[in-house]
Amino acid sequence: MDTAAMKAMVRKVMEEGFNARNFAVVEDAFHQNYVRHANPGMPGVNSLAEHQAGLAQYLKDYKNPRFEIAHMLADGDWVAVHYAFCGTHIGTVHGIPGTGREVRRETAAFFHFRDSKIAESYFVA
């Protein structure tokens, strides 16, 4: 898979999969044994099912959650994306009850591809 196709897939996952709530796009783009490496503020996952559960939790904790892509770069079998997560905080997140306030969290993510699917990722929040 070339870098243009990998970038297009990441964009599709974020915009069509999450923002438009077409989770079949997510199912198709990620390996079943997808791994998201943990960091402070974002727990790790060890499967596509765990990742999907995390996305579903965003829908419970935020009204109108969405990703806004700012920049994207690709090199080899990696795609880096700088984006903002936005939404209205309505559920309990990290022990903080919903505030009703709009949030915007700038994030960078690094997606590793294997066999034309996303196999693992790292996030810097």
# chains A, B, ... in the order shown; residues from 1 in each chain; ligands from 1
$ select_by_dssp --residues "range 47-106 of chain A" --states "alpha helix (DSSP H)" --output "VMD selection string"
chain A and resid 48 to 61
$ write_last_selection --atoms "N, CA, C and O atoms" --output "CSV table (one decimal), in the first residue's frame"
chain,number,residue,atom,x,y,z
A,48,LEU,N,-9.3,-5.0,18.0
A,48,LEU,CA,-10.2,-4.2,17.3
A,48,LEU,C,-11.5,-4.0,18.2
A,48,LEU,O,-12.0,-2.9,18.3
A,49,ALA,N,-11.9,-5.1,18.8
A,49,ALA,CA,-13.1,-5.0,19.7
A,49,ALA,C,-12.9,-4.0,20.8
A,49,ALA,O,-13.8,-3.2,21.1
A,50,GLU,N,-11.8,-4.0,21.5
A,50,GLU,CA,-11.5,-3.0,22.5
A,50,GLU,C,-11.5,-1.6,22.0
A,50,GLU,O,-12.0,-0.7,22.6
A,51,HIS,N,-10.9,-1.4,20.8
A,51,HIS,CA,-10.9,-0.1,20.2
A,51,HIS,C,-12.3,0.4,19.9
A,51,HIS,O,-12.6,1.5,20.1
A,52,GLN,N,-13.1,-0.5,19.3
A,52,GLN,CA,-14.5,-0.1,19.0
A,52,GLN,C,-15.3,0.2,20.3
A,52,GLN,O,-16.1,1.2,20.3
A,53,ALA,N,-15.0,-0.5,21.4
A,53,ALA,CA,-15.7,-0.2,22.6
A,53,ALA,C,-15.2,1.2,23.1
A,53,ALA,O,-16.1,2.0,23.6
A,54,GLY,N,-14.0,1.6,22.9
A,54,GLY,CA,-13.5,2.9,23.3
A,54,GLY,C,-14.2,4.0,22.4
A,54,GLY,O,-14.5,5.1,23.0
A,55,LEU,N,-14.3,3.7,21.1
A,55,LEU,CA,-15.0,4.7,20.3
A,55,LEU,C,-16.5,4.9,20.7
A,55,LEU,O,-17.0,6.0,20.8
A,56,ALA,N,-17.1,3.8,21.1
A,56,ALA,CA,-18.5,3.8,21.5
A,56,ALA,C,-18.6,4.7,22.8
A,56,ALA,O,-19.6,5.4,23.0
A,57,GLN,N,-17.6,4.6,23.7
A,57,GLN,CA,-17.6,5.3,24.9
A,57,GLN,C,-17.5,6.8,24.7
A,57,GLN,O,-18.2,7.6,25.3
A,58,TYR,N,-16.8,7.2,23.6
A,58,TYR,CA,-16.7,8.6,23.2
A,58,TYR,C,-18.1,9.1,22.9
A,58,TYR,O,-18.5,10.3,23.3
A,59,LEU,N,-18.9,8.3,22.3
A,59,LEU,CA,-20.3,8.7,21.9
A,59,LEU,C,-21.2,8.9,23.1
A,59,LEU,O,-22.1,9.6,23.1
A,60,LYS,N,-20.8,8.2,24.2
A,60,LYS,CA,-21.6,8.3,25.5
A,60,LYS,C,-21.1,9.5,26.3
A,60,LYS,O,-21.9,10.2,27.0
A,61,ASP,N,-19.8,9.8,26.2
A,61,ASP,CA,-19.2,10.9,27.1
A,61,ASP,C,-19.2,12.2,26.4
A,61,ASP,O,-19.0,13.2,27.2
$ residues_around --residues "range 79-94 of chain A" --least-positions-apart "6" --cutoff "6 Å" --atoms "only C-alpha atoms" --output "ChimeraX atom specification"
/A:61-73,100-111
$ write_last_selection --atoms "N, CA and C atoms" --output "PDB file, in the first residue's frame"
ATOM      1  N   ASP A  61     -19.815   9.815  26.236  1.00  0.00           N
ATOM      2  CA  ASP A  61     -19.225  10.857  27.074  1.00  0.00           C
ATOM      3  C   ASP A  61     -19.238  12.246  26.449  1.00  0.00           C
ATOM      4  N   TYR A  62     -19.460  12.309  25.130  1.00  0.00           N
ATOM      5  CA  TYR A  62     -19.438  13.592  24.433  1.00  0.00           C
ATOM      6  C   TYR A  62     -20.623  13.707  23.479  1.00  0.00           C
ATOM      7  N   LYS A  63     -21.218  14.871  23.442  1.00  0.00           N
ATOM      8  CA  LYS A  63     -22.245  15.171  22.448  1.00  0.00           C
ATOM      9  C   LYS A  63     -21.515  15.674  21.205  1.00  0.00           C
ATOM     10  N   ASN A  64     -21.893  15.132  20.061  1.00  0.00           N
ATOM     11  CA  ASN A  64     -21.287  15.506  18.780  1.00  0.00           C
ATOM     12  C   ASN A  64     -19.762  15.394  18.784  1.00  0.00           C
ATOM     13  N   PRO A  65     -19.204  14.243  19.214  1.00  0.00           N
ATOM     14  CA  PRO A  65     -17.748  14.106  19.172  1.00  0.00           C
ATOM     15  C   PRO A  65     -17.262  13.986  17.732  1.00  0.00           C
ATOM     16  N   ARG A  66     -16.102  14.579  17.482  1.00  0.00           N
ATOM     17  CA  ARG A  66     -15.571  14.545  16.114  1.00  0.00           C
ATOM     18  C   ARG A  66     -14.065  14.776  16.126  1.00  0.00           C
ATOM     19  N   PHE A  67     -13.441  14.322  15.056  1.00  0.00           N
ATOM     20  CA  PHE A  67     -12.029  14.556  14.827  1.00  0.00           C
ATOM     21  C   PHE A  67     -11.895  15.614  13.739  1.00  0.00           C
ATOM     22  N   GLU A  68     -11.015  16.588  13.960  1.00  0.00           N
ATOM     23  CA  GLU A  68     -10.719  17.618  12.952  1.00  0.00           C
ATOM     24  C   GLU A  68      -9.243  17.503  12.596  1.00  0.00           C
ATOM     25  N   ILE A  69      -8.981  17.023  11.386  1.00  0.00           N
ATOM     26  CA  ILE A  69      -7.608  16.789  10.937  1.00  0.00           C
ATOM     27  C   ILE A  69      -6.961  18.106  10.536  1.00  0.00           C
ATOM     28  N   ALA A  70      -5.747  18.337  11.054  1.00  0.00           N
ATOM     29  CA  ALA A  70      -4.990  19.540  10.704  1.00  0.00           C
ATOM     30  C   ALA A  70      -3.873  19.218   9.714  1.00  0.00           C
ATOM     31  N   HIS A  71      -3.104  18.171   9.992  1.00  0.00           N
ATOM     32  CA  HIS A  71      -1.963  17.799   9.149  1.00  0.00           C
ATOM     33  C   HIS A  71      -1.827  16.286   9.110  1.00  0.00           C
ATOM     34  N   MET A  72      -1.286  15.803   8.013  1.00  0.00           N
ATOM     35  CA  MET A  72      -1.042  14.373   7.891  1.00  0.00           C
ATOM     36  C   MET A  72       0.220  14.158   7.058  1.00  0.00           C
ATOM     37  N   LEU A  73       1.075  13.254   7.532  1.00  0.00           N
ATOM     38  CA  LEU A  73       2.307  12.891   6.833  1.00  0.00           C
ATOM     39  C   LEU A  73       2.423  11.379   6.805  1.00  0.00           C
ATOM     40  N   GLY A 100     -20.868  19.977  30.320  1.00  0.00           N
ATOM     41  CA  GLY A 100     -21.671  20.673  29.324  1.00  0.00           C
ATOM     42  C   GLY A 100     -20.858  21.636  28.478  1.00  0.00           C
ATOM     43  N   ARG A 101     -19.552  21.655  28.678  1.00  0.00           N
ATOM     44  CA  ARG A 101     -18.675  22.561  27.928  1.00  0.00           C
ATOM     45  C   ARG A 101     -18.113  21.873  26.685  1.00  0.00           C
ATOM     46  N   GLU A 102     -17.891  22.681  25.672  1.00  0.00           N
ATOM     47  CA  GLU A 102     -17.222  22.214  24.465  1.00  0.00           C
ATOM     48  C   GLU A 102     -15.739  22.026  24.787  1.00  0.00           C
ATOM     49  N   VAL A 103     -15.201  20.883  24.386  1.00  0.00           N
ATOM     50  CA  VAL A 103     -13.777  20.626  24.588  1.00  0.00           C
ATOM     51  C   VAL A 103     -13.087  20.500  23.236  1.00  0.00           C
ATOM     52  N   ARG A 104     -11.811  20.814  23.240  1.00  0.00           N
ATOM     53  CA  ARG A 104     -10.963  20.657  22.051  1.00  0.00           C
ATOM     54  C   ARG A 104      -9.601  20.205  22.556  1.00  0.00           C
ATOM     55  N   ARG A 105      -9.204  18.990  22.180  1.00  0.00           N
ATOM     56  CA  ARG A 105      -7.929  18.428  22.623  1.00  0.00           C
ATOM     57  C   ARG A 105      -7.061  18.148  21.403  1.00  0.00           C
ATOM     58  N   GLU A 106      -5.950  18.850  21.314  1.00  0.00           N
ATOM     59  CA  GLU A 106      -4.999  18.643  20.223  1.00  0.00           C
ATOM     60  C   GLU A 106      -4.232  17.351  20.476  1.00  0.00           C
ATOM     61  N   THR A 107      -4.072  16.550  19.442  1.00  0.00           N
ATOM     62  CA  THR A 107      -3.442  15.241  19.569  1.00  0.00           C
ATOM     63  C   THR A 107      -2.624  14.929  18.320  1.00  0.00           C
ATOM     64  N   ALA A 108      -1.605  14.124  18.485  1.00  0.00           N
ATOM     65  CA  ALA A 108      -0.869  13.554  17.352  1.00  0.00           C
ATOM     66  C   ALA A 108      -0.961  12.038  17.480  1.00  0.00           C
ATOM     67  N   ALA A 109      -1.198  11.381  16.373  1.00  0.00           N
ATOM     68  CA  ALA A 109      -1.297   9.925  16.356  1.00  0.00           C
ATOM     69  C   ALA A 109      -0.394   9.381  15.260  1.00  0.00           C
ATOM     70  N   PHE A 110       0.140   8.209  15.520  1.00  0.00           N
ATOM     71  CA  PHE A 110       1.027   7.533  14.582  1.00  0.00           C
ATOM     72  C   PHE A 110       0.464   6.145  14.327  1.00  0.00           C
ATOM     73  N   PHE A 111       0.067   5.889  13.086  1.00  0.00           N
ATOM     74  CA  PHE A 111      -0.559   4.628  12.707  1.00  0.00           C
ATOM     75  C   PHE A 111       0.411   3.796  11.883  1.00  0.00           C
TER      76      PHE A 111
END
$ residues_around --residues "range 3-10 of chain A" --least-positions-apart "5" --cutoff "10 Å" --atoms "only C-alpha atoms" --output "NGL selection string"
:A and (15-17 or 25-26 or 28-30 or 72-81 or 111-113 or 116-118)
$ write_last_selection --atoms "C-alpha atoms" --output "CSV table (one decimal), in the first residue's frame"
chain,number,residue,atom,x,y,z
A,15,GLU,CA,-14.1,11.4,8.9
A,16,GLU,CA,-16.4,8.6,7.6
A,17,GLY,CA,-15.9,6.0,10.3
A,25,VAL,CA,-15.2,1.7,7.9
A,26,VAL,CA,-13.4,1.1,11.2
A,28,ASP,CA,-12.5,-2.8,7.5
A,29,ALA,CA,-9.5,-0.6,8.2
A,30,PHE,CA,-8.1,-2.2,11.3
A,72,MET,CA,-1.0,14.4,7.9
A,73,LEU,CA,2.3,12.9,6.8
A,74,ALA,CA,3.3,9.4,5.7
A,75,ASP,CA,6.6,7.6,5.5
A,76,GLY,CA,7.2,4.0,4.8
A,77,ASP,CA,4.4,2.1,6.5
A,78,TRP,CA,3.5,4.8,9.0
A,79,VAL,CA,1.0,7.7,8.9
A,80,ALA,CA,1.3,10.6,11.4
A,81,VAL,CA,-1.7,12.8,11.9
A,111,PHE,CA,-0.6,4.6,12.7
A,112,HIS,CA,1.5,1.6,11.6
A,113,PHE,CA,0.2,-0.4,8.6
A,116,SER,CA,-2.9,-2.8,4.0
A,117,LYS,CA,-4.6,-2.4,7.4
A,118,ILE,CA,-3.9,-0.4,10.6
$ select_by_dssp --residues "chain A" --states "strand (DSSP E or B)" --output "PyMOL selection string"
chain A and resi 30-36+39+42+45+62-75+78-89+93+96+102-114+117-124
$ residues_around --residues "Val45 in chain A" --least-positions-apart "5" --cutoff "8 Å" --atoms "only C-alpha atoms" --output "ChimeraX atom specification"
/A:34-38,50-51
$ decode --residues "range 107-122 of chain A" --atoms "N, CA, C and O atoms" --output "PDB file, in the first residue's frame"
ATOM      1  N   THR A 107      -4.072  16.550  19.442  1.00  0.00           N
ATOM      2  CA  THR A 107      -3.442  15.241  19.569  1.00  0.00           C
ATOM      3  C   THR A 107      -2.624  14.929  18.320  1.00  0.00           C
ATOM      4  O   THR A 107      -2.949  15.399  17.234  1.00  0.00           O
ATOM      5  N   ALA A 108      -1.605  14.124  18.485  1.00  0.00           N
ATOM      6  CA  ALA A 108      -0.869  13.554  17.352  1.00  0.00           C
ATOM      7  C   ALA A 108      -0.961  12.038  17.480  1.00  0.00           C
ATOM      8  O   ALA A 108      -0.856  11.493  18.573  1.00  0.00           O
ATOM      9  N   ALA A 109      -1.198  11.381  16.373  1.00  0.00           N
ATOM     10  CA  ALA A 109      -1.297   9.925  16.356  1.00  0.00           C
ATOM     11  C   ALA A 109      -0.394   9.381  15.260  1.00  0.00           C
ATOM     12  O   ALA A 109      -0.206  10.015  14.218  1.00  0.00           O
ATOM     13  N   PHE A 110       0.140   8.209  15.520  1.00  0.00           N
ATOM     14  CA  PHE A 110       1.027   7.533  14.582  1.00  0.00           C
ATOM     15  C   PHE A 110       0.464   6.145  14.327  1.00  0.00           C
ATOM     16  O   PHE A 110       0.364   5.334  15.248  1.00  0.00           O
ATOM     17  N   PHE A 111       0.067   5.889  13.086  1.00  0.00           N
ATOM     18  CA  PHE A 111      -0.559   4.628  12.707  1.00  0.00           C
ATOM     19  C   PHE A 111       0.411   3.796  11.883  1.00  0.00           C
ATOM     20  O   PHE A 111       0.968   4.273  10.894  1.00  0.00           O
ATOM     21  N   HIS A 112       0.585   2.540  12.279  1.00  0.00           N
ATOM     22  CA  HIS A 112       1.461   1.608  11.571  1.00  0.00           C
ATOM     23  C   HIS A 112       0.602   0.632  10.769  1.00  0.00           C
ATOM     24  O   HIS A 112      -0.331   0.029  11.319  1.00  0.00           O
ATOM     25  N   PHE A 113       0.922   0.498   9.491  1.00  0.00           N
ATOM     26  CA  PHE A 113       0.180  -0.384   8.595  1.00  0.00           C
ATOM     27  C   PHE A 113       0.923  -1.695   8.388  1.00  0.00           C
ATOM     28  O   PHE A 113       2.154  -1.726   8.302  1.00  0.00           O
ATOM     29  N   ARG A 114       0.141  -2.758   8.299  1.00  0.00           N
ATOM     30  CA  ARG A 114       0.656  -4.079   7.934  1.00  0.00           C
ATOM     31  C   ARG A 114      -0.422  -4.760   7.106  1.00  0.00           C
ATOM     32  O   ARG A 114      -1.591  -4.762   7.484  1.00  0.00           O
ATOM     33  N   ASP A 115      -0.048  -5.296   5.957  1.00  0.00           N
ATOM     34  CA  ASP A 115      -0.999  -5.974   5.071  1.00  0.00           C
ATOM     35  C   ASP A 115      -2.195  -5.077   4.725  1.00  0.00           C
ATOM     36  O   ASP A 115      -3.346  -5.521   4.744  1.00  0.00           O
ATOM     37  N   SER A 116      -1.924  -3.817   4.454  1.00  0.00           N
ATOM     38  CA  SER A 116      -2.927  -2.833   4.009  1.00  0.00           C
ATOM     39  C   SER A 116      -3.992  -2.497   5.054  1.00  0.00           C
ATOM     40  O   SER A 116      -5.067  -2.012   4.728  1.00  0.00           O
ATOM     41  N   LYS A 117      -3.685  -2.770   6.328  1.00  0.00           N
ATOM     42  CA  LYS A 117      -4.601  -2.411   7.414  1.00  0.00           C
ATOM     43  C   LYS A 117      -3.801  -1.783   8.550  1.00  0.00           C
ATOM     44  O   LYS A 117      -2.593  -1.987   8.664  1.00  0.00           O
ATOM     45  N   ILE A 118      -4.505  -1.056   9.414  1.00  0.00           N
ATOM     46  CA  ILE A 118      -3.858  -0.446  10.568  1.00  0.00           C
ATOM     47  C   ILE A 118      -3.642  -1.533  11.620  1.00  0.00           C
ATOM     48  O   ILE A 118      -4.595  -2.173  12.069  1.00  0.00           O
ATOM     49  N   ALA A 119      -2.373  -1.726  11.980  1.00  0.00           N
ATOM     50  CA  ALA A 119      -2.009  -2.800  12.912  1.00  0.00           C
ATOM     51  C   ALA A 119      -1.751  -2.291  14.322  1.00  0.00           C
ATOM     52  O   ALA A 119      -2.002  -2.998  15.295  1.00  0.00           O
ATOM     53  N   GLU A 120      -1.217  -1.077  14.430  1.00  0.00           N
ATOM     54  CA  GLU A 120      -0.916  -0.529  15.751  1.00  0.00           C
ATOM     55  C   GLU A 120      -0.859   0.980  15.669  1.00  0.00           C
ATOM     56  O   GLU A 120      -0.765   1.553  14.586  1.00  0.00           O
ATOM     57  N   SER A 121      -0.897   1.618  16.853  1.00  0.00           N
ATOM     58  CA  SER A 121      -0.817   3.076  16.888  1.00  0.00           C
ATOM     59  C   SER A 121      -0.232   3.558  18.203  1.00  0.00           C
ATOM     60  O   SER A 121      -0.208   2.833  19.204  1.00  0.00           O
ATOM     61  N   TYR A 122       0.257   4.784  18.144  1.00  0.00           N
ATOM     62  CA  TYR A 122       0.745   5.517  19.306  1.00  0.00           C
ATOM     63  C   TYR A 122       0.078   6.894  19.262  1.00  0.00           C
ATOM     64  O   TYR A 122      -0.066   7.479  18.193  1.00  0.00           O
TER      65      TYR A 122
END
